[in-house]
Each structure stands twice: as C-alpha cells, then as structure tokens.
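Everything below belongs to my_file.cif, which stores mmCIF, C-alpha atoms and all ligand atoms.
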data_structure
#
loop_
_atom_site.group_PDB
_atom_site.id
_atom_site.type_symbol
_atom_site.label_atom_id
_atom_site.label_comp_id
_atom_site.auth_asym_id
_atom_site.auth_seq_id
_atom_site.Cartn_x
_atom_site.Cartn_y
_atom_site.Cartn_z
ATOM 1 C CA MET A 218 -48.569 10.581 3.041
ATOM 2 C CA ARG A 219 -50.553 11.133 6.242
ATOM 3 C CA ARG A 220 -49.924 8.984 9.325
ATOM 4 C CA LEU A 221 -52.256 5.993 9.340
ATOM 5 C CA HIS A 222 -52.908 3.993 12.506
ATOM 6 C CA ALA A 223 -52.941 0.699 10.577
ATOM 7 C CA PRO A 224 -53.915 -2.415 12.609
ATOM 8 C CA GLU A 225 -50.878 -4.250 13.992
ATOM 9 C CA ILE A 226 -51.866 -7.782 14.956
ATOM 10 C CA GLU A 227 -49.362 -7.873 17.811
ATOM 11 C CA ASP A 228 -51.287 -5.029 19.518
ATOM 12 C CA GLU A 229 -54.546 -6.914 19.572
ATOM 13 C CA PRO A 230 -55.490 -8.537 22.876
ATOM 14 C CA TRP A 231 -56.649 -11.615 20.910
ATOM 15 C CA CYS A 232 -53.183 -12.157 19.361
ATOM 16 C CA PRO A 233 -52.024 -15.520 20.780
ATOM 17 C CA ARG A 234 -49.204 -14.882 23.230
ATOM 18 C CA PRO A 235 -46.805 -17.447 21.640
ATOM 19 C CA LEU A 236 -47.127 -15.582 18.329
ATOM 20 C CA ARG A 237 -46.577 -12.170 19.918
ATOM 21 C CA ASP A 238 -43.578 -13.521 21.840
ATOM 22 C CA ALA A 239 -42.128 -14.969 18.619
ATOM 23 C CA CYS A 240 -42.413 -11.536 16.947
ATOM 24 C CA THR A 241 -40.804 -9.643 19.822
ATOM 25 C CA ALA A 242 -38.060 -12.298 20.123
ATOM 26 C CA PHE A 243 -37.309 -11.738 16.430
ATOM 27 C CA LEU A 244 -37.184 -7.953 16.916
ATOM 28 C CA GLN A 245 -34.655 -8.382 19.726
ATOM 29 C CA VAL A 246 -32.334 -10.517 17.592
ATOM 30 C CA ALA A 247 -32.823 -8.194 14.595
ATOM 31 C CA ALA A 248 -31.959 -5.092 16.637
ATOM 32 C CA GLU A 249 -28.892 -6.783 18.043
ATOM 33 C CA ARG A 250 -27.553 -8.265 14.798
ATOM 34 C CA GLY A 251 -28.674 -5.364 12.603
ATOM 35 C CA ARG A 252 -27.142 -2.770 14.993
ATOM 36 C CA PHE A 253 -29.501 -0.182 13.558
ATOM 37 C CA LEU A 254 -30.116 1.421 16.950
ATOM 38 C CA HIS A 255 -26.541 1.391 18.263
ATOM 39 C CA GLN A 256 -26.296 5.103 17.578
ATOM 40 C CA ALA A 257 -28.819 5.588 20.397
ATOM 41 C CA ALA A 258 -26.157 4.546 22.963
ATOM 42 C CA PRO A 259 -24.295 7.892 23.120
ATOM 43 C CA VAL A 260 -27.613 9.780 23.222
ATOM 44 C CA LEU A 261 -28.803 7.647 26.123
ATOM 45 C CA GLN A 262 -25.461 7.935 27.881
ATOM 46 C CA GLY A 263 -25.664 11.734 27.607
ATOM 47 C CA VAL A 264 -29.142 11.746 29.155
ATOM 48 C CA LEU A 265 -27.990 9.435 31.965
ATOM 49 C CA GLU A 266 -24.981 11.638 32.707
ATOM 50 C CA ARG A 267 -26.916 14.910 32.643
ATOM 51 C CA SER A 268 -29.664 13.520 34.884
ATOM 52 C CA GLY A 269 -27.281 11.728 37.253
ATOM 53 C CA GLU A 270 -29.414 8.584 36.820
ATOM 54 C CA THR A 271 -28.126 5.027 36.645
ATOM 55 C CA LYS A 272 -31.496 3.372 36.121
ATOM 56 C CA VAL A 273 -33.362 2.867 32.864
ATOM 57 C CA VAL A 274 -37.052 1.996 32.766
ATOM 58 C CA ASP A 275 -37.673 0.504 29.348
ATOM 59 C CA LEU A 276 -41.272 0.709 28.143
ATOM 60 C CA CYS A 277 -42.796 -1.657 25.571
ATOM 61 C CA SER A 278 -39.700 -3.856 25.899
ATOM 62 C CA GLY A 279 -41.035 -6.797 23.901
ATOM 63 C CA GLY A 280 -38.163 -9.298 23.866
ATOM 64 C CA GLY A 281 -35.691 -6.716 25.196
ATOM 65 C CA GLY A 282 -35.199 -5.123 21.787
ATOM 66 C CA ALA A 283 -32.288 -2.829 21.205
ATOM 67 C CA LEU A 284 -31.796 -2.059 24.878
ATOM 68 C CA LEU A 285 -29.959 -5.285 25.686
ATOM 69 C CA SER A 286 -27.072 -4.670 23.327
ATOM 70 C CA LEU A 287 -27.050 -0.935 24.106
ATOM 71 C CA LEU A 288 -26.639 -1.707 27.783
ATOM 72 C CA GLU A 289 -23.336 -3.404 26.961
ATOM 73 C CA ARG A 290 -22.156 -0.054 25.557
ATOM 74 C CA LEU A 291 -23.114 1.876 28.685
ATOM 75 C CA PRO A 292 -21.206 2.111 31.999
ATOM 76 C CA ARG A 293 -21.499 -0.988 34.201
ATOM 77 C CA GLU A 294 -23.441 0.813 36.926
ATOM 78 C CA VAL A 295 -26.348 1.408 34.539
ATOM 79 C CA SER A 296 -29.168 -1.085 35.099
ATOM 80 C CA ALA A 297 -32.524 -1.535 33.403
ATOM 81 C CA THR A 298 -36.043 -2.694 34.149
ATOM 82 C CA LEU A 299 -37.839 -4.185 31.160
ATOM 83 C CA THR A 300 -41.604 -3.646 31.074
ATOM 84 C CA ASP A 301 -44.432 -4.428 28.683
ATOM 85 C CA LEU A 302 -48.209 -4.576 28.558
ATOM 86 C CA TYR A 303 -47.769 -8.240 27.602
ATOM 87 C CA PRO A 304 -44.482 -9.278 29.250
ATOM 88 C CA ASN A 305 -42.512 -11.861 27.257
ATOM 89 C CA GLU A 306 -41.445 -13.985 30.229
ATOM 90 C CA ALA A 307 -39.049 -16.289 28.379
ATOM 91 C CA ALA A 308 -37.266 -13.304 26.822
ATOM 92 C CA PHE A 309 -37.127 -11.474 30.171
ATOM 93 C CA ARG A 310 -35.609 -14.581 31.806
ATOM 94 C CA ALA A 311 -33.013 -14.854 29.020
ATOM 95 C CA ALA A 312 -32.176 -11.142 29.380
ATOM 96 C CA GLU A 313 -31.700 -11.503 33.152
ATOM 97 C CA LEU A 314 -29.367 -14.464 32.643
ATOM 98 C CA ARG A 315 -27.415 -12.551 30.029
ATOM 99 C CA ALA A 316 -26.855 -9.499 32.242
ATOM 100 C CA PRO A 317 -27.207 -10.712 35.845
ATOM 101 C CA GLY A 318 -27.899 -7.877 38.272
ATOM 102 C CA ARG A 319 -28.149 -5.327 35.471
ATOM 103 C CA VAL A 320 -31.435 -6.317 33.882
ATOM 104 C CA HIS A 321 -34.719 -7.094 35.557
ATOM 105 C CA GLY A 322 -37.854 -7.956 33.623
ATOM 106 C CA ARG A 323 -41.018 -6.884 35.404
ATOM 107 C CA ARG A 324 -43.449 -9.798 35.174
ATOM 108 C CA ALA A 325 -46.531 -7.709 35.945
ATOM 109 C CA SER A 326 -48.082 -5.904 32.995
ATOM 110 C CA VAL A 327 -47.072 -2.227 32.676
ATOM 111 C CA ASP A 328 -49.046 0.110 30.446
ATOM 112 C CA ALA A 329 -46.600 2.638 29.033
ATOM 113 C CA THR A 330 -49.216 5.389 29.341
ATOM 114 C CA ASP A 331 -49.558 4.756 33.080
ATOM 115 C CA VAL A 332 -46.129 3.884 34.494
ATOM 116 C CA PRO A 333 -46.217 2.964 38.212
ATOM 117 C CA ASP A 334 -44.669 5.660 40.408
ATOM 118 C CA GLU A 335 -42.091 3.296 41.897
ATOM 119 C CA LEU A 336 -40.441 2.830 38.484
ATOM 120 C CA ARG A 337 -38.063 5.741 38.418
ATOM 121 C CA GLY A 338 -35.216 6.426 36.032
ATOM 122 C CA VAL A 339 -34.662 7.353 32.416
ATOM 123 C CA ARG A 340 -37.674 6.079 30.467
ATOM 124 C CA THR A 341 -36.796 4.555 27.118
ATOM 125 C CA ILE A 342 -39.002 3.249 24.352
ATOM 126 C CA PHE A 343 -37.428 1.594 21.320
ATOM 127 C CA ASN A 344 -39.404 1.123 18.128
ATOM 128 C CA ALA A 345 -42.731 1.273 19.891
ATOM 129 C CA LEU A 346 -43.820 4.921 20.017
ATOM 130 C CA HIS A 347 -45.741 4.271 16.801
ATOM 131 C CA HIS A 348 -47.966 1.827 18.720
ATOM 132 C CA PHE A 349 -49.649 4.829 20.326
ATOM 133 C CA ARG A 350 -52.075 7.239 18.739
ATOM 134 C CA PRO A 351 -51.029 10.870 19.139
ATOM 135 C CA GLU A 352 -53.215 11.502 22.244
ATOM 136 C CA ALA A 353 -51.833 8.412 24.030
ATOM 137 C CA ALA A 354 -48.239 9.154 22.973
ATOM 138 C CA ARG A 355 -48.625 12.695 24.270
ATOM 139 C CA ARG A 356 -50.020 11.351 27.576
ATOM 140 C CA MET A 357 -47.026 9.059 27.899
ATOM 141 C CA VAL A 358 -44.578 11.915 27.390
ATOM 142 C CA ALA A 359 -46.629 14.251 29.622
ATOM 143 C CA ASP A 360 -46.439 11.715 32.449
ATOM 144 C CA ALA A 361 -42.627 11.700 32.241
ATOM 145 C CA VAL A 362 -42.606 15.516 32.234
ATOM 146 C CA ALA A 363 -44.988 15.692 35.218
ATOM 147 C CA LYS A 364 -42.814 13.259 37.197
ATOM 148 C CA GLY A 365 -39.576 14.957 36.149
ATOM 149 C CA GLN A 366 -38.253 11.794 34.497
ATOM 150 C CA PRO A 367 -36.135 11.830 31.332
ATOM 151 C CA PHE A 368 -37.811 10.241 28.309
ATOM 152 C CA CYS A 369 -36.070 8.845 25.213
ATOM 153 C CA ALA A 370 -37.891 7.389 22.220
ATOM 154 C CA PHE A 371 -36.028 5.902 19.259
ATOM 155 C CA GLU A 372 -37.775 4.692 16.106
ATOM 156 C CA VAL A 373 -36.629 3.378 12.744
ATOM 157 C CA VAL A 374 -40.051 2.942 11.128
ATOM 158 C CA GLU A 375 -41.100 5.686 8.739
ATOM 159 C CA ARG A 376 -43.508 6.396 5.871
ATOM 160 C CA ARG A 377 -40.639 6.533 3.421
ATOM 161 C CA PRO A 378 -40.249 4.271 0.367
ATOM 162 C CA GLN A 379 -36.657 3.223 1.222
ATOM 163 C CA THR A 380 -37.627 2.339 4.800
ATOM 164 C CA MET A 381 -40.737 0.456 3.698
ATOM 165 C CA LEU A 382 -38.751 -1.419 1.076
ATOM 166 C CA THR A 383 -36.197 -2.453 3.714
ATOM 167 C CA ILE A 384 -38.889 -3.538 6.173
ATOM 168 C CA SER A 385 -40.663 -5.495 3.422
ATOM 169 C CA MET A 386 -37.613 -7.802 3.285
ATOM 170 C CA VAL A 387 -38.137 -8.776 6.923
ATOM 171 C CA PRO A 388 -39.407 -12.346 6.267
ATOM 172 C CA PHE A 389 -35.918 -13.245 4.987
ATOM 173 C CA ALA A 390 -34.437 -11.937 8.227
ATOM 174 C CA VAL A 391 -36.945 -14.001 10.239
ATOM 175 C CA TRP A 392 -36.008 -17.175 8.331
ATOM 176 C CA ALA A 393 -32.300 -16.479 8.741
ATOM 177 C CA SER A 394 -32.349 -15.569 12.421
ATOM 178 C CA ALA A 395 -35.130 -17.656 13.984
ATOM 179 C CA PRO A 396 -32.853 -20.308 15.547
ATOM 180 C CA LEU A 397 -30.907 -17.524 17.336
ATOM 181 C CA GLN A 398 -33.986 -16.362 19.257
ATOM 182 C CA PRO A 399 -34.335 -17.131 22.952
ATOM 183 C CA GLY A 400 -37.261 -19.549 23.308
ATOM 184 C CA PHE A 401 -36.999 -20.935 19.750
ATOM 185 C CA ASP A 402 -38.911 -24.225 19.939
ATOM 186 C CA LEU A 403 -40.858 -26.680 17.794
ATOM 187 C CA PHE A 404 -43.887 -24.348 17.683
ATOM 188 C CA ARG A 405 -41.778 -21.510 16.306
ATOM 189 C CA PHE A 406 -39.954 -23.848 13.936
ATOM 190 C CA LEU A 407 -43.252 -25.079 12.435
ATOM 191 C CA LEU A 408 -44.717 -21.557 12.131
ATOM 192 C CA THR A 409 -41.492 -20.119 10.690
ATOM 193 C CA TYR A 410 -40.483 -22.646 8.041
ATOM 194 C CA PRO A 411 -43.150 -25.157 6.871
ATOM 195 C CA VAL A 412 -46.108 -22.812 7.578
ATOM 196 C CA PRO A 413 -44.630 -19.265 7.551
ATOM 197 C CA VAL A 414 -47.173 -17.572 9.801
ATOM 198 C CA ILE A 415 -44.516 -15.775 11.886
ATOM 199 C CA PRO A 416 -42.637 -14.207 8.905
ATOM 200 C CA ALA A 417 -46.003 -13.088 7.483
ATOM 201 C CA LEU A 418 -47.063 -11.600 10.800
ATOM 202 C CA VAL A 419 -43.767 -9.747 11.262
ATOM 203 C CA TRP A 420 -44.074 -8.452 7.681
ATOM 204 C CA TRP A 421 -47.643 -7.234 8.191
ATOM 205 C CA ASP A 422 -46.884 -5.553 11.524
ATOM 206 C CA GLY A 423 -43.696 -4.049 10.074
ATOM 207 C CA MET A 424 -45.566 -2.456 7.175
ATOM 208 C CA CYS A 425 -48.296 -1.178 9.526
ATOM 209 C CA SER A 426 -45.562 0.192 11.818
ATOM 210 C CA CYS A 427 -44.127 2.210 8.922
ATOM 211 C CA LEU A 428 -47.554 3.701 8.179
ATOM 212 C CA ARG A 429 -47.878 4.594 11.868
ATOM 213 C CA GLY A 430 -44.375 6.134 12.176
ATOM 214 C CA TYR A 431 -44.088 9.713 13.410
ATOM 215 C CA SER A 432 -42.153 12.264 11.380
ATOM 216 C CA VAL A 433 -40.031 14.981 13.005
ATOM 217 C CA PRO A 434 -42.722 17.683 12.501
ATOM 218 C CA GLU A 435 -45.367 15.324 13.931
ATOM 219 C CA LEU A 436 -43.211 14.722 17.003
ATOM 220 C CA GLU A 437 -42.737 18.459 17.397
ATOM 221 C CA GLU A 438 -46.502 18.872 17.310
ATOM 222 C CA LEU A 439 -46.910 15.977 19.752
ATOM 223 C CA VAL A 440 -44.805 17.605 22.450
ATOM 224 C CA ALA A 441 -45.873 21.179 21.700
ATOM 225 C CA GLY A 442 -46.798 22.842 24.953
ATOM 226 C CA LEU A 443 -45.248 20.135 27.146
ATOM 227 C CA ALA A 444 -41.827 21.772 27.437
ATOM 228 C CA HIS A 445 -41.367 24.347 30.177
ATOM 229 C CA GLU A 446 -38.376 26.069 31.658
ATOM 230 C CA GLY A 447 -37.524 23.002 33.733
ATOM 231 C CA TYR A 448 -37.928 20.427 30.936
ATOM 232 C CA ARG A 449 -36.749 20.502 27.333
ATOM 233 C CA PHE A 450 -37.082 18.345 24.241
ATOM 234 C CA THR A 451 -34.674 17.511 21.454
ATOM 235 C CA ILE A 452 -36.040 15.868 18.324
ATOM 236 C CA SER A 453 -33.683 14.659 15.644
ATOM 237 C CA GLN A 454 -33.224 12.213 12.807
ATOM 238 C CA SER A 455 -30.060 10.484 11.690
ATOM 239 C CA ARG A 456 -28.956 10.253 8.079
ATOM 240 C CA GLY A 457 -29.248 6.918 6.330
ATOM 241 C CA VAL A 458 -30.261 5.464 3.014
ATOM 242 C CA PHE A 459 -32.472 2.611 4.190
ATOM 243 C CA LEU A 460 -33.095 2.990 7.921
ATOM 244 C CA ARG A 461 -32.842 6.253 9.844
ATOM 245 C CA VAL A 462 -33.239 6.693 13.575
ATOM 246 C CA THR A 463 -35.769 9.290 14.650
ATOM 247 C CA SER A 464 -35.344 10.278 18.278
ATOM 248 C CA LEU A 465 -37.371 12.229 20.768
ATOM 249 C CA VAL A 466 -35.475 13.062 23.941
ATOM 250 C CA GLY A 467 -37.062 14.888 26.846
ATOM 251 C CA GLU A 468 -35.100 15.786 29.947
ATOM 252 C CA PRO A 469 -35.346 17.938 33.039
ATOM 253 C CA VAL A 470 -33.075 20.960 32.846
ATOM 254 C CA ARG A 471 -30.778 21.249 35.820
ATOM 255 C CA PRO A 472 -30.168 24.798 37.042
ATOM 256 C CA THR A 473 -26.639 25.860 36.131
ATOM 257 C CA ALA A 474 -24.348 26.813 38.997
ATOM 258 C CA GLY A 475 -23.831 30.528 39.591
HETATM 259 C C1 LIG B 501 -42.554 -3.470 18.351
HETATM 260 S S1 LIG B 501 -42.823 -4.341 19.792
HETATM 261 C C2 LIG B 501 -41.310 -4.437 20.673
HETATM 262 C C3 LIG B 501 -40.464 -3.224 20.791
HETATM 263 C C4 LIG B 501 -39.187 -3.478 21.561
HETATM 264 N N1 LIG B 501 -38.912 -2.324 22.360
HETATM 265 C C5 LIG B 501 -38.056 -3.750 20.601
HETATM 266 O O1 LIG B 501 -37.177 -2.882 20.431
HETATM 267 O O2 LIG B 501 -38.009 -4.840 20.026
HETATM 268 C C6 LIG B 501 -43.831 -3.305 20.706
HETATM 269 C C7 LIG B 501 -44.174 -3.787 22.097
HETATM 270 O O3 LIG B 501 -45.053 -2.812 22.663
HETATM 271 C C8 LIG B 501 -45.906 -3.487 23.554
HETATM 272 N N2 LIG B 501 -47.050 -2.615 23.835
HETATM 273 C C9 LIG B 501 -48.073 -2.290 23.009
HETATM 274 N N3 LIG B 501 -48.908 -1.428 23.638
HETATM 275 C C10 LIG B 501 -48.388 -1.216 24.881
HETATM 276 C C11 LIG B 501 -48.773 -0.414 26.005
HETATM 277 N N4 LIG B 501 -49.893 0.323 25.988
HETATM 278 N N5 LIG B 501 -47.990 -0.422 27.104
HETATM 279 C C12 LIG B 501 -46.869 -1.182 27.153
HETATM 280 N N6 LIG B 501 -46.462 -1.966 26.133
HETATM 281 C C13 LIG B 501 -47.202 -1.973 25.009
HETATM 282 C C14 LIG B 501 -46.234 -4.778 22.839
HETATM 283 O O4 LIG B 501 -46.662 -5.763 23.741
HETATM 284 C C15 LIG B 501 -44.887 -5.119 22.192
HETATM 285 O O5 LIG B 501 -44.128 -5.963 23.007
#

Serialized structure, structure tokens:
Amino acid sequence: MRRLHAPEIEDEPWCPRPLRDACTAFLQVAAERGRFLHQAAPVLQGVLERSGETKVVDLCSGGGGALLSLLERLPREVSATLTDLYPNEAAFRAAELRAPGRVHGRRASVDATDVPDELRGVRTIFNALHHFRPEAARRMVADAVAKGQPFCAFEVVERRPQTMLTISMVPFAVWASAPLQPGFDLFRFLLTYPVPVIPALVWWDGMCSCLRGYSVPELEELVAGLAHEGYRFTISQSRGVFLRVTSLVGEPVRPTAG
C-alpha cells in the first residue's frame, strides 16, 4: 500500500485548541503507560554520548509524549526543551512541574521545519514525522544536517494490518486513561464519555497516521543525498507483533583520534 497523506484533524489550523490538547494529552499518557517507545532510550542515550550533548530539543512535542518518561531513563544532566507549532500550555506546565529544571516547554510556536537557531541540542521527534509530507520531512532533516545537530525520529505508526488493528482499539484506551491526563476537566469528561468526540477524533487521527507512516525504504529515500562524510544516518525497525518502532537517527561523525 502506498503512503497516503490522509487528513489528520489535529493538524488543521481550525481544530479547536481544547480538542487538540485533549488528543496530545492522551498520547502522552498512552506513551507513558504503554511503554511502547521505551526502547528509544538507549538509542537516544547513545546519540547524546557520541555528540557530547546534554540538551534535547523535542519537536512536535504535543503533550510531552514519550520524551517525559524517557528522560527519567537518561542521565540527570540531560535536559529537554519541548516545542510545538501549537504548544499545549497546560501539558508543558505539568511537564515542568514533574521534572523541575530538566524540562522547559517553549510557549512560542515552533515550526519543526524551521527550528530557531538558538535551540541547539539533539533534535527528537516522537510519533510525528508522519505529519510531514516527504519534502517537508526532508527539509526538517536537512536543517539538522546543515546545522550539525543530531536528529532522532521514532515512530510506531505503520501501514501494516497488525499496527492498524492495534491503533483501531485506541478509543478504549482513551476511555480508560482520560482521568490520568494533565488538564482533565469537565469539558474533556463530557467529550470523552457522554459524547465521545475525543475518542473518535483520536481514532480518526490514529488511522490517518498509520496511512501516513514512513517505511524503512521510504525513510532511506527521504534522506538519500543528505548524508556526507561528516554526517551519517542509521535507519532501523524493531521487531514486534503489534507495534514496532521505526527509527531514523542522524548524527555528525566525530573525527577519530589518530
Ligand atoms: C501526534 S501529535 C504529538 C506527538 C508527541 N510527540 C507525542 O509523542 O505524543 C503531533 C504534534 O505535532 C504538532 N505539529 C504538527 N505540525 C507541526 C509543525 N509543522 N511543527 C511543529 N509541530 C507540529 C501538532 O501540533 C501535534 O502536537
């Protein structure tokens, strides 16, 4: 099946912010409880060690996503800046309170394809690369290469029946986990249980995300020509029956001594 850039509602500028925030708050709790991205921690740690960086610049952070729980698995000196085109302020505040001094949520909008120069560090993007069409995704990676910054993308969405079947169950996860979300209020209660707009929205966007997911060969094509002798890419996919992690890691190559 070819990649299809199906319309995710959360991406649309007209999507009401409280609805988008409810979706990204769910994704944060799901990533944390589901632990499906925990295997990214050693990969990220390796990139941090090889680059000598202690700062992470997280792109498309949503509600903090997988990064918040991964940070707890990384050395204490590692800190992170959360960024998003539509910053989820309540989630950023909750993340800062949870990891004081280690997490800062940037309140100004940051477009992942045009990261401000002052944000330096290992760029991460969890479950959001699929939001970008190939040209924009390539621009995002090219910017990291041009600025000599490491880049790590991790995705679980895929055009694979087992993955799509798993993601299709997501409304049950929304119903089960909603009260655990930071910012869960009467609005979210009403649109989660009596009128299930939020579970439906998360389901729709989840299915569209799968159709938009990049395969390993597509990622190889995406970065073709961007690597040079000072910057290399590693693309891999974990094993798994239902959810697999596809990762794209780009990093500057340090000259070896001698
Ligand atoms: C799937 S959601 C959240 C992903 C989050 N990293 C996680 O793990 O839960 C994708 C996020 O990408 C953001 N986004 C979409 N287009 C963007 C862009 N051009 N620049 C920055 N963020 C963007 C959306 O606002 C949304 O919060």

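Close contacts of range 412-417 of chain A, defined as residues with an atom at most 7 Å away when counting only C-alpha atoms, with chain neighbours fewer than 6 positions off set aside, comprise Leu236, Cys240, Pro388 and Val391 of chain A.
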
List the spatial neighbours of range 263-268 of chain A as an mmCIF file with C-alpha atoms, keeping the file's coordinate frame - criterion: any atom at most 9 Å away, only C-alpha atoms, same-chain residues fewer than 3 positions off excluded.
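What follows is the written file part-v2.cif:
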data_model
loop_
_atom_site.group_PDB
_atom_site.id
_atom_site.type_symbol
_atom_site.label_atom_id
_atom_site.label_comp_id
_atom_site.auth_asym_id
_atom_site.auth_seq_id
_atom_site.Cartn_x
_atom_site.Cartn_y
_atom_site.Cartn_z
ATOM 1 C CA ALA A 258 -26.157 4.546 22.963
ATOM 2 C CA PRO A 259 -24.295 7.892 23.120
ATOM 3 C CA VAL A 260 -27.613 9.780 23.222
ATOM 4 C CA THR A 271 -28.126 5.027 36.645
ATOM 5 C CA LYS A 272 -31.496 3.372 36.121
ATOM 6 C CA VAL A 273 -33.362 2.867 32.864
ATOM 7 C CA VAL A 295 -26.348 1.408 34.539
ATOM 8 C CA GLY A 338 -35.216 6.426 36.032
ATOM 9 C CA VAL A 339 -34.662 7.353 32.416
ATOM 10 C CA GLN A 366 -38.253 11.794 34.497
ATOM 11 C CA PRO A 367 -36.135 11.830 31.332
ATOM 12 C CA PHE A 368 -37.811 10.241 28.309
ATOM 13 C CA CYS A 369 -36.070 8.845 25.213
ATOM 14 C CA VAL A 466 -35.475 13.062 23.941
ATOM 15 C CA GLY A 467 -37.062 14.888 26.846
ATOM 16 C CA GLU A 468 -35.100 15.786 29.947
ATOM 17 C CA PRO A 469 -35.346 17.938 33.039
ATOM 18 C CA VAL A 470 -33.075 20.960 32.846
ATOM 19 C CA ARG A 471 -30.778 21.249 35.820
#

> Using only C-alpha atoms, which residues sit within 10 Å of Val462 in chain A once same-chain residues fewer than 5 positions away are excluded, as number ranges by chain?
Replying inline: A: 253-257, 344, 370-375, 453-457

>> Could you list the protein, DNA and RNA residues that have any atom within 9 Å of ligand LIG 501 (chain B), counting all atoms listed in the file, and write them as a VMD selection string?
In response: chain A and resid 227 to 229 237 to 238 240 to 248 254 275 to 284 300 to 305 326 to 332 341 to 349 353 371 to 372 422 to 423 426

With 5 Å of padding per side, what axis-aligned box (centre and edge lengths, Å, one decimal) covers all the listed atoms of range 369-386 of chain A? Give it as lines of an AutoDock Vina configuration file.
center_x = -39.8
center_y = 0.5
center_z = 12.8
size_x = 17.5
size_y = 26.6
size_z = 34.8

> Between A:Phe309, A:Trp421, A:Tyr448, A:Phe401, which has the minimum distance to Ala297 in chain A (counting all atoms listed in the file)?
Replying inline: A:Phe309

> Quick one: distance from CA of Leu299 in chain A to CA of Thr451 in chain A in Å, one decimal?
Replying inline: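 Interatomic distance here is 24.0 Å.
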
>> Can you measure CA of Leu465 in chain A to CA of Leu428 in chain A for me? One decimal in Å is fine.
In response: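 Straight-line distance from CA of Leu465 in chain A to CA of Leu428 in chain A works out to 18.3 Å.
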
>> As an exercise, work out the distance from CA of Gly322 in chain A to CA of Ala308 in chain A in Å and give it to one decimal place.
In response: 8.7 Å
